[in-house]
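*Asks:* Hey, dropping entry32.txt in here, compact mmCIF, C-alpha atoms:
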# COMPACT_ATOMS: atom_id res chain seq x y z
CA MET H 1 0.00 0.00 0.00
CA LYS H 2 1.41 3.31 -1.08
CA LEU H 3 0.34 6.83 -0.17
CA LEU H 4 -0.13 7.74 -3.83
CA GLU H 5 -2.51 4.83 -4.38
CA LEU H 6 -4.79 6.28 -1.71
CA ILE H 7 -4.80 9.83 -3.00
CA GLU H 8 -7.40 10.94 -5.52
CA GLU H 9 -7.90 14.38 -6.97
CA ASP H 10 -11.42 14.40 -5.54
CA TYR H 11 -9.92 14.19 -2.08
CA ILE H 12 -7.53 17.10 -2.45
CA TRP H 13 -8.63 20.59 -1.48
CA VAL H 14 -6.44 23.55 -2.36
CA ASP H 15 -6.91 27.18 -1.26
CA GLU H 16 -10.09 26.21 0.50
CA LYS H 17 -11.56 28.53 3.14
CA LEU H 18 -11.45 26.45 6.28
CA ASN H 19 -11.82 28.21 9.61
CA ASN H 20 -11.24 25.39 12.05
CA GLU H 21 -10.71 21.66 12.36
CA LYS H 22 -14.47 21.01 12.25
CA ASP H 23 -14.58 22.68 8.80
CA VAL H 24 -11.81 20.35 7.68
CA PHE H 25 -13.60 17.26 8.96
CA LYS H 26 -16.95 18.39 7.48
CA LYS H 27 -15.39 18.87 4.08
CA VAL H 28 -13.81 15.43 4.02
CA ASN H 29 -16.78 13.68 5.61
CA GLU H 30 -19.30 15.18 3.18
CA LYS H 31 -17.38 13.91 0.19
CA ALA H 32 -16.57 10.54 1.72
CA ARG H 33 -20.18 9.96 2.77
CA THR H 34 -21.38 10.77 -0.76
CA ASP H 35 -18.92 8.25 -2.16
CA ASN H 36 -19.83 5.74 0.55
CA LYS H 37 -16.23 5.50 1.71
CA VAL H 38 -16.99 6.01 5.40
CA LYS H 39 -19.72 5.11 7.84
CA GLU H 40 -22.11 7.60 9.44
CA THR H 41 -19.96 7.46 12.56
CA PHE H 42 -16.86 8.78 10.78
CA PHE H 43 -17.33 12.50 11.44
CA GLU H 44 -18.00 12.12 15.16
CA ALA H 45 -15.15 9.63 15.50
CA LEU H 46 -12.74 12.00 13.79
CA CYS H 47 -13.76 14.89 16.06
CA ALA H 48 -13.63 12.78 19.22
CA ARG H 49 -10.26 11.31 18.39
CA GLU H 50 -8.76 14.70 17.57
CA ASN H 51 -10.16 16.11 20.76
CA GLU H 52 -8.74 13.34 22.91
CA PHE H 53 -5.46 12.78 21.07
CA PRO H 54 -4.69 15.82 18.92
CA THR H 55 -2.51 15.38 15.84
CA GLY H 56 -0.99 18.81 15.20
CA LEU H 57 2.75 18.61 14.48
CA ASN H 58 5.09 21.56 14.49
CA LEU H 59 7.78 21.30 11.83
CA GLY H 60 9.63 24.49 12.68
CA GLN H 61 8.89 26.65 9.70
CA TYR H 62 5.67 24.82 8.89
CA ALA H 63 3.05 22.84 10.69
CA ILE H 64 0.79 19.97 9.71
CA ALA H 65 -1.94 17.83 11.20
CA ILE H 66 -2.63 14.14 10.59
CA PRO H 67 -6.18 13.47 11.85
CA HIS H 68 -7.37 9.86 11.72
CA THR H 69 -9.90 7.47 13.21
CA ASP H 70 -10.07 3.83 14.12
CA SER H 71 -10.53 1.63 11.08
CA GLU H 72 -14.07 0.55 12.06
CA HIS H 73 -15.49 3.84 10.72
CA VAL H 74 -13.92 3.41 7.29
CA LEU H 75 -15.46 1.45 4.39
CA SER H 76 -12.94 2.24 1.67
CA GLU H 77 -9.49 3.62 2.36
CA PHE H 78 -8.27 7.04 1.32
CA VAL H 79 -5.96 9.84 2.36
CA ALA H 80 -7.32 13.37 1.94
CA ILE H 81 -4.99 16.34 1.55
CA LEU H 82 -6.15 19.83 2.46
CA ILE H 83 -4.05 22.89 1.87
CA PRO H 84 -6.25 25.68 3.19
CA GLU H 85 -6.20 29.30 2.11
CA LYS H 86 -5.16 30.22 5.65
CA ASN H 87 -3.68 27.82 8.16
CA VAL H 88 -6.08 25.98 10.46
CA THR H 89 -5.59 25.75 14.20
CA PHE H 90 -5.15 22.28 15.67
CA GLN H 91 -3.91 21.24 19.10
CA GLY H 92 -0.43 19.78 19.39
CA MET H 93 0.14 16.04 19.51
CA GLU H 94 2.92 16.45 22.03
CA ASP H 95 1.20 19.13 24.08
CA PRO H 96 -2.56 19.65 23.66
CA GLU H 97 -2.21 23.11 25.22
CA GLU H 98 -0.12 24.19 22.29
CA GLU H 99 -1.87 25.66 19.22
CA ILE H 100 -0.55 24.35 15.93
CA HIS H 101 -1.34 26.38 12.82
CA ALA H 102 -1.47 23.65 10.23
CA ASP H 103 -0.48 24.59 6.67
CA ILE H 104 -1.26 21.12 5.37
CA ILE H 105 -3.71 18.57 6.73
CA PHE H 106 -3.55 14.88 5.86
CA VAL H 107 -6.73 13.07 6.88
CA MET H 108 -5.99 9.35 7.02
CA ALA H 109 -9.03 7.09 6.60
CA LEU H 110 -7.49 3.63 6.71
CA LYS H 111 -8.80 0.14 7.36
CA GLU H 112 -5.72 -1.98 7.90
CA SER H 113 -3.48 -1.28 10.87
CA ASN H 114 -0.31 -2.00 8.88
CA HIS H 115 -1.46 0.59 6.34
CA HIS H 116 -1.48 3.23 9.07
CA LEU H 117 2.17 2.53 9.57
CA THR H 118 3.21 2.48 5.91
CA ILE H 119 1.23 5.60 5.11
CA LEU H 120 2.46 7.41 8.18
CA ARG H 121 6.03 6.59 7.25
CA GLU H 122 5.51 8.02 3.78
CA ILE H 123 3.88 11.15 5.15
CA MET H 124 6.82 11.46 7.55
CA SER H 125 9.42 11.26 4.85
CA LEU H 126 7.38 13.85 2.99
CA ILE H 127 7.08 16.29 5.88
CA GLN H 128 10.75 15.98 6.78
CA ASN H 129 11.58 17.50 3.42
CA GLU H 130 11.14 21.25 3.80
CA GLU H 131 11.44 21.94 0.07
CA ILE H 132 8.58 19.60 -0.72
CA ILE H 133 6.39 21.15 1.98
CA GLN H 134 7.15 24.60 0.61
CA GLU H 135 6.22 23.42 -2.90
CA LEU H 136 3.00 21.85 -1.69
CA ILE H 137 1.94 25.01 0.12
CA GLU H 138 2.52 27.08 -2.99
CA VAL H 139 0.63 24.87 -5.44
CA LYS H 140 -2.55 26.18 -6.93
CA ASN H 141 -4.17 23.04 -8.25
CA LYS H 142 -4.74 19.41 -7.42
CA LYS H 143 -2.77 17.98 -10.33
CA GLU H 144 0.40 19.72 -9.19
CA ILE H 145 0.10 18.08 -5.79
CA ILE H 146 -0.07 14.65 -7.33
CA GLN H 147 2.88 15.48 -9.58
CA ILE H 148 4.95 16.55 -6.57
CA LEU H 149 4.07 13.37 -4.70
CA GLU H 150 4.96 11.27 -7.73
CA ARG H 151 8.41 12.82 -7.69
CA VAL H 152 9.10 12.04 -4.04
CA ASP H 153 11.14 8.94 -3.45
CA PHE H 154 9.64 7.32 -0.37
CA ASN H 155 12.31 4.67 -0.15
CA GLU H 156 15.03 7.13 0.71
CA MET V 1 23.26 -10.60 33.73
CA SER V 2 21.09 -7.52 34.00
CA LYS V 3 17.34 -7.66 34.52
CA ARG V 4 15.14 -7.25 31.48
CA LEU V 5 14.07 -3.72 30.65
CA ASN V 6 10.33 -3.47 30.07
CA ILE V 7 9.58 -0.58 27.74
CA PHE V 8 6.17 0.67 26.59
CA VAL V 9 5.53 2.97 23.65
CA ALA V 10 2.09 4.56 23.53
CA CYS V 11 0.11 6.64 21.05
CA GLY V 12 -3.59 7.40 20.50
CA SER V 13 -4.28 4.16 18.69
CA GLY V 14 -1.27 2.06 19.67
CA ILE V 15 -0.74 1.46 15.96
CA ALA V 16 0.68 4.27 13.91
CA THR V 17 2.93 6.80 15.62
CA SER V 18 3.86 4.39 18.41
CA THR V 19 5.25 1.91 15.88
CA VAL V 20 7.35 4.57 14.20
CA ALA V 21 8.61 5.76 17.59
CA ALA V 22 9.22 2.18 18.80
CA ASP V 23 11.47 1.46 15.81
CA LYS V 24 13.56 4.51 16.60
CA ILE V 25 13.78 3.60 20.28
CA GLU V 26 14.93 0.11 19.34
CA GLU V 27 17.67 1.68 17.21
CA VAL V 28 18.82 3.68 20.24
CA LEU V 29 18.88 0.54 22.41
CA LYS V 30 20.86 -1.41 19.83
CA GLU V 31 23.26 1.48 19.44
CA LYS V 32 23.84 1.27 23.19
CA GLY V 33 24.55 -2.46 22.87
CA LEU V 34 21.53 -3.44 24.94
CA LYS V 35 19.92 -6.79 24.27
CA ASN V 36 17.81 -7.57 27.28
CA TYR V 37 14.67 -5.53 26.69
CA LYS V 38 11.10 -5.83 25.53
CA ILE V 39 9.24 -3.09 23.67
CA ASN V 40 5.46 -3.15 23.97
CA LYS V 41 3.22 -0.94 21.86
CA ILE V 42 0.01 0.23 23.49
CA SER V 43 -2.70 2.86 23.09
CA MET V 44 -2.86 5.85 25.42
CA THR V 45 -5.97 4.36 27.04
CA GLU V 46 -3.99 1.23 27.92
CA LEU V 47 -1.17 3.27 29.43
CA GLN V 48 -2.54 3.38 32.95
CA GLY V 49 -2.73 -0.40 33.05
CA ALA V 50 0.90 -0.62 31.95
CA LEU V 51 2.23 1.60 34.74
CA SER V 52 2.71 -1.25 37.20
CA SER V 53 4.88 -3.38 34.90
CA ALA V 54 6.73 -0.72 32.89
CA ASP V 55 10.29 0.42 33.60
CA VAL V 56 9.92 3.36 31.26
CA ILE V 57 7.21 4.65 28.91
CA PHE V 58 7.56 6.69 25.74
CA THR V 59 4.56 8.46 24.21
CA THR V 60 3.60 10.63 21.27
CA ASN V 61 0.67 12.17 23.19
CA LYS V 62 0.81 13.81 26.56
CA TYR V 63 -0.20 11.58 29.46
CA ARG V 64 -2.15 13.58 31.99
CA GLY V 65 -2.50 11.03 34.76
CA GLU V 66 -0.26 10.47 37.75
CA HIS V 67 2.69 8.16 37.43
CA ASP V 68 5.86 7.03 39.21
CA VAL V 69 7.34 5.45 36.10
CA PRO V 70 9.35 7.82 33.90
CA ILE V 71 7.33 8.91 30.85
CA MET V 72 8.97 10.77 27.98
CA SER V 73 7.42 12.29 24.87
CA VAL V 74 9.11 11.27 21.62
CA VAL V 75 7.27 13.36 19.01
CA PRO V 76 10.61 14.40 17.39
CA PHE V 77 10.86 10.80 16.17
CA ILE V 78 7.74 11.49 14.09
CA THR V 79 8.57 14.94 12.77
CA GLY V 80 12.34 14.61 12.53
CA ILE V 81 12.63 18.06 14.15
CA GLY V 82 15.11 17.83 17.04
CA GLU V 83 15.51 14.11 16.48
CA GLN V 84 19.19 13.93 17.42
CA LYS V 85 18.61 15.76 20.69
CA LYS V 86 15.75 13.38 21.48
CA VAL V 87 17.95 10.36 20.75
CA GLU V 88 20.37 11.66 23.40
CA GLU V 89 17.55 12.29 25.89
CA VAL V 90 16.17 8.79 25.38
CA SER V 91 19.64 7.34 25.79
CA THR V 92 20.22 9.24 29.03
CA LEU V 93 16.84 8.22 30.41
CA ILE V 94 17.52 4.56 29.59
CA ASP V 95 20.83 4.80 31.47
CA GLN V 96 19.05 6.24 34.51
CA VAL V 97 16.37 3.58 34.43
CA LEU V 98 18.95 0.80 34.11
CA GLU V 99 20.93 2.21 37.01
CA GLU V 100 17.87 2.28 39.27
CA LYS V 101 16.93 -1.20 38.20
CA GLU V 102 20.30 -2.53 39.29
CA ASP V 103 19.97 -1.02 42.78
In structure tokens, what does this structure look like?
*Replies:*
Amino acid sequence: MKLLELIEEDYIWVDEKLNNEKDVFKKVNEKARTDNKVKETFFEALCARENEFPTGLNLGQYAIAIPHTDSEHVLSEFVAILIPEKNVTFQGMEDPEEEIHADIIFVMALKESNHHLTILREIMSLIQNEEIIQELIEVKNKKEIIQILERVDFNE
Amino acid sequence: MSKRLNIFVACGSGIATSTVAADKIEEVLKEKGLKNYKINKISMTELQGALSSADVIFTTNKYRGEHDVPIMSVVPFITGIGEQKKVEEVSTLIDQVLEEKED
């Protein structure tokens, strides 16, 4: 299972107006419900999980968030990428008191536990590359995002 | 022969970030030449139950409960930011734990 295999243009949002994490989750849930990729419980599960164990990660110059749920709420796997017009405030994974202004949000909707690991590793190698993050933040359309991801060598 | 070091690594689910962190911690242990240890991956909700048997616990989320066992956050192993410094901190903590265990 590769990150790219789970990313579709329909699940990429660029320059979207998103005011808070709920907006992010609504956006993804609405689409995923329409496509029957998640159960009715997905939205609440995503919110509850983020509330209890936040996923904001500070990367120095940038910040991201990697919200996810338990696999039981997912019918068909995907990873959504949201690059909002303005960063969205999440709480920090390490310290929930800390506000993280996420430039990029990866919502992981996965079924298999070993997929969580593979996908997370790929996202990690992605986010540890500042140039790539910078490129992603500057893109203006969905196709460019996929092209950038295609270029990244995850086996580094 | 030293007593076995019982290590727990916890994250929200006990699946994703804990596994990534656990791999890194294992690297640190091997680097130190340690062989007698066990690394257990658990979810944050299972953490309280692990307190009685753990020598040391590493987490990617903050644990808010009370604890006597040393607990250290290892988020730098996920982001790569400050990773080297964290490797040293983990190494130092392991030394301390081992020392206490021998007493």
*Asks:* Any chance you could tabulate, as a Markdown table, the residues of chain H at most 12 Å from chain V with each one's nearest atom pair and distance in Å to one decimal, using all atoms listed in the file, in chain and rising number order?
*Replies:*
| residue | atom | partner | partner_atom | distance |
| --- | --- | --- | --- | --- |
| H:Ala48 | CA | V:Gly12 | CA | 11.5 |
| H:Arg49 | CA | V:Gly12 | CA | 8.0 |
| H:Glu50 | CA | V:Gly12 | CA | 9.4 |
| H:Asn51 | CA | V:Gly12 | CA | 10.9 |
| H:Glu52 | CA | V:Gly12 | CA | 8.2 |
| H:Phe53 | CA | V:Gly12 | CA | 5.7 |
| H:Pro54 | CA | V:Asn61 | CA | 7.8 |
| H:Thr55 | CA | V:Asn61 | CA | 8.6 |
| H:Gly56 | CA | V:Asn61 | CA | 10.5 |
| H:Leu57 | CA | V:Thr79 | CA | 7.1 |
| H:Asn58 | CA | V:Thr79 | CA | 7.7 |
| H:Leu59 | CA | V:Ile81 | CA | 6.3 |
| H:Gly60 | CA | V:Ile81 | CA | 7.2 |
| H:Gln61 | CA | V:Ile81 | CA | 10.4 |
| H:Tyr62 | CA | V:Thr79 | CA | 11.0 |
| H:Ala63 | CA | V:Thr79 | CA | 9.9 |
| H:Ile64 | CA | V:Thr79 | CA | 9.8 |
| H:Ala65 | CA | V:Thr79 | CA | 11.0 |
| H:Ile66 | CA | V:Thr17 | CA | 10.5 |
| H:Pro67 | CA | V:Gly12 | CA | 10.9 |
| H:His68 | CA | V:Ser13 | CA | 9.5 |
| H:Thr69 | CA | V:Ser13 | CA | 8.5 |
| H:Asp70 | CA | V:Ser13 | CA | 7.4 |
| H:Ser71 | CA | V:Ser13 | CA | 10.2 |
| H:Gln91 | CA | V:Asn61 | CA | 11.0 |
| H:Gly92 | CA | V:Asn61 | CA | 8.6 |
| H:Met93 | CA | V:Asn61 | CA | 5.4 |
| H:Glu94 | CA | V:Asn61 | CA | 5.0 |
| H:Asp95 | CA | V:Lys62 | CA | 5.9 |
| H:Pro96 | CA | V:Lys62 | CA | 7.3 |
| H:Glu97 | CA | V:Lys62 | CA | 9.9 |
| H:Glu98 | CA | V:Lys62 | CA | 11.3 |
| H:Met108 | CA | V:Ala16 | CA | 10.9 |
| H:Leu110 | CA | V:Ala16 | CA | 10.9 |
| H:Lys111 | CA | V:Ile15 | CA | 11.9 |
| H:Glu112 | CA | V:Ile15 | CA | 10.1 |
| H:Ser113 | CA | V:Ile15 | CA | 6.4 |
| H:Asn114 | CA | V:Ile15 | CA | 7.9 |
| H:His115 | CA | V:Ala16 | CA | 8.7 |
| H:His116 | CA | V:Ala16 | CA | 5.4 |
| H:Leu117 | CA | V:Ala16 | CA | 4.9 |
| H:Thr118 | CA | V:Ala16 | CA | 8.6 |
| H:Ile119 | CA | V:Ala16 | CA | 8.9 |
| H:Leu120 | CA | V:Ala16 | CA | 6.8 |
| H:Arg121 | CA | V:Val20 | CA | 7.4 |
| H:Glu122 | CA | V:Ile78 | CA | 11.1 |
| H:Ile123 | CA | V:Thr79 | CA | 9.7 |
| H:Met124 | CA | V:Thr79 | CA | 6.5 |
| H:Ser125 | CA | V:Thr79 | CA | 8.8 |
| H:Leu126 | CA | V:Thr79 | CA | 9.9 |
| H:Ile127 | CA | V:Thr79 | CA | 7.2 |
| H:Gln128 | CA | V:Gly80 | CA | 6.1 |
| H:Asn129 | CA | V:Gly80 | CA | 9.6 |
| H:Glu130 | CA | V:Ile81 | CA | 10.9 |
*Asks:* How many Å lie between atom CA of Asp103 of chain V and atom CA of Ile71 of chain V, rounded to one decimal?
*Replies:*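 Atom-to-atom, atom CA of Asp103 of chain V and atom CA of Ile71 of chain V are spaced 20.0 Å apart.
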*Asks:* Have a look at V:Ala10, V:Ala22, V:Val90, V:Val28 and name the one nearest to Thr45 of chain V; count only C-alpha atoms.
*Replies:*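 Smallest separation from Thr45 of chain V among the options: V:Ala10.
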*Asks:* Using only C-alpha atoms, can you tell me which of V:Asn36, V:Gln48, V:Lys85, V:Arg4 comes closest to Asp68 of chain V?
*Replies:*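 Among the listed residues, V:Gln48 lies closest to Asp68 of chain V.
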*Asks:* Kindly give the distance, in Å, that separates atom CA of Lys39 of chain H and atom CA of Ser76 of chain H, rounded to a single decimal.
*Replies:*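 Taking atom CA of Lys39 of chain H as the start and atom CA of Ser76 of chain H as the end point, the length is 9.6 Å.
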*Asks:* To box segment 79-96 of chain V, take all atoms listed in the file, fit an axis-aligned box, add 4 Å on each side, and give centre and edge lengths in Å to one decimal, as JSON.
*Replies:*
{"center_x": 14.7, "center_y": 11.3, "center_z": 23.5, "size_x": 20.3, "size_y": 21.5, "size_z": 30.0}
*Asks:* Give me, please, the distance in Å between atom CA of Met72 of chain V and atom CA of Glu89 of chain V, quoted to one decimal.
*Replies:* 9.0 Å
*Asks:* Find, counting only C-alpha atoms, the residue in H:Glu30, H:Glu85, H:Glu138, H:Glu44 that gets nearest to Lys17 of chain H.
*Replies:*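 The answer is H:Glu85, which sits nearest to Lys17 of chain H.
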*Asks:* Can you pull out the residues contacting Leu5 of chain V? Cut-off 12 Å, using only C-alpha atoms, and skip same-chain residues under 4 positions away; I want them as a list in words.
*Replies:*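 Close residues of Leu5 of chain V: Met1, Glu26, Leu29, Leu34, Lys35, Asn36, Tyr37, Lys38, Ile39, Asn40, Ser53, Ala54, Asp55, Val56, Ile57, Ile94, Asp95, Gln96, Val97, Leu98, Glu99, Glu100, Lys101 and Glu102 of chain V.
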*Asks:* For a cutoff of 9 Å around the file-coordinate point (4.6, 19.8, 1.1), which residues qualify once you count only C-alpha atoms? I'd like the result as an mmCIF file with C-alpha atoms, keeping the file's coordinate frame.
*Replies:*
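Writing done, so here's out_21.cif:
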data_model
loop_
_atom_site.group_PDB
_atom_site.id
_atom_site.type_symbol
_atom_site.label_atom_id
_atom_site.label_comp_id
_atom_site.auth_asym_id
_atom_site.auth_seq_id
_atom_site.Cartn_x
_atom_site.Cartn_y
_atom_site.Cartn_z
ATOM 1 C CA ASP H 103 -0.480 24.590 6.670
ATOM 2 C CA ILE H 104 -1.260 21.120 5.370
ATOM 3 C CA LEU H 126 7.380 13.850 2.990
ATOM 4 C CA ILE H 127 7.080 16.290 5.880
ATOM 5 C CA ASN H 129 11.580 17.500 3.420
ATOM 6 C CA GLU H 130 11.140 21.250 3.800
ATOM 7 C CA GLU H 131 11.440 21.940 0.070
ATOM 8 C CA ILE H 132 8.580 19.600 -0.720
ATOM 9 C CA ILE H 133 6.390 21.150 1.980
ATOM 10 C CA GLN H 134 7.150 24.600 0.610
ATOM 11 C CA GLU H 135 6.220 23.420 -2.900
ATOM 12 C CA LEU H 136 3.000 21.850 -1.690
ATOM 13 C CA ILE H 137 1.940 25.010 0.120
ATOM 14 C CA GLU H 138 2.520 27.080 -2.990
ATOM 15 C CA ILE H 145 0.100 18.080 -5.790
ATOM 16 C CA ILE H 148 4.950 16.550 -6.570
ATOM 17 C CA LEU H 149 4.070 13.370 -4.700
#
*Asks:* Nearest residue to Asn6 of chain V out of V:Lys41, V:Lys30, V:Lys86, V:His67, using all atoms listed in the file?
*Replies:*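 Answer, going by the shortest atom-to-atom distance: V:Lys41.
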*Asks:* Atoms are missing here; could segment 43-57 of chain H be completed with N, CA and C atoms and written as a compact mmCIF listing (two decimals), in the coordinates of the input?
*Replies:*
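Result saved to out07.txt:
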# COMPACT_ATOMS: atom_id res chain seq x y z
N PHE H 43 -17.54 11.10 11.04
CA PHE H 43 -17.33 12.50 11.44
C PHE H 43 -17.15 12.64 12.95
N GLU H 44 -18.08 12.04 13.69
CA GLU H 44 -18.00 12.12 15.16
C GLU H 44 -16.71 11.47 15.67
N ALA H 45 -16.35 10.36 15.06
CA ALA H 45 -15.15 9.63 15.50
C ALA H 45 -13.90 10.47 15.26
N LEU H 46 -13.88 11.15 14.13
CA LEU H 46 -12.74 12.00 13.79
C LEU H 46 -12.61 13.15 14.80
N CYS H 47 -13.76 13.78 15.10
CA CYS H 47 -13.76 14.89 16.06
C CYS H 47 -13.34 14.41 17.45
N ALA H 48 -13.91 13.29 17.87
CA ALA H 48 -13.63 12.78 19.22
C ALA H 48 -12.16 12.41 19.37
N ARG H 49 -11.65 11.75 18.36
CA ARG H 49 -10.26 11.31 18.39
C ARG H 49 -9.31 12.51 18.43
N GLU H 50 -9.61 13.51 17.62
CA GLU H 50 -8.76 14.70 17.57
C GLU H 50 -8.81 15.46 18.89
N ASN H 51 -9.99 15.43 19.50
CA ASN H 51 -10.16 16.11 20.76
C ASN H 51 -9.36 15.41 21.87
N GLU H 52 -9.42 14.10 21.85
CA GLU H 52 -8.74 13.34 22.91
C GLU H 52 -7.23 13.24 22.68
N PHE H 53 -6.87 12.91 21.42
CA PHE H 53 -5.46 12.78 21.07
C PHE H 53 -5.18 13.63 19.84
N PRO H 54 -4.88 14.90 20.05
CA PRO H 54 -4.69 15.82 18.92
C PRO H 54 -3.52 15.39 18.04
N THR H 55 -3.52 15.86 16.79
CA THR H 55 -2.51 15.38 15.84
C THR H 55 -1.71 16.51 15.19
N GLY H 56 -1.77 17.72 15.76
CA GLY H 56 -0.99 18.81 15.20
C GLY H 56 0.50 18.59 15.43
N LEU H 57 1.29 18.80 14.37
CA LEU H 57 2.75 18.61 14.48
C LEU H 57 3.47 19.87 13.99
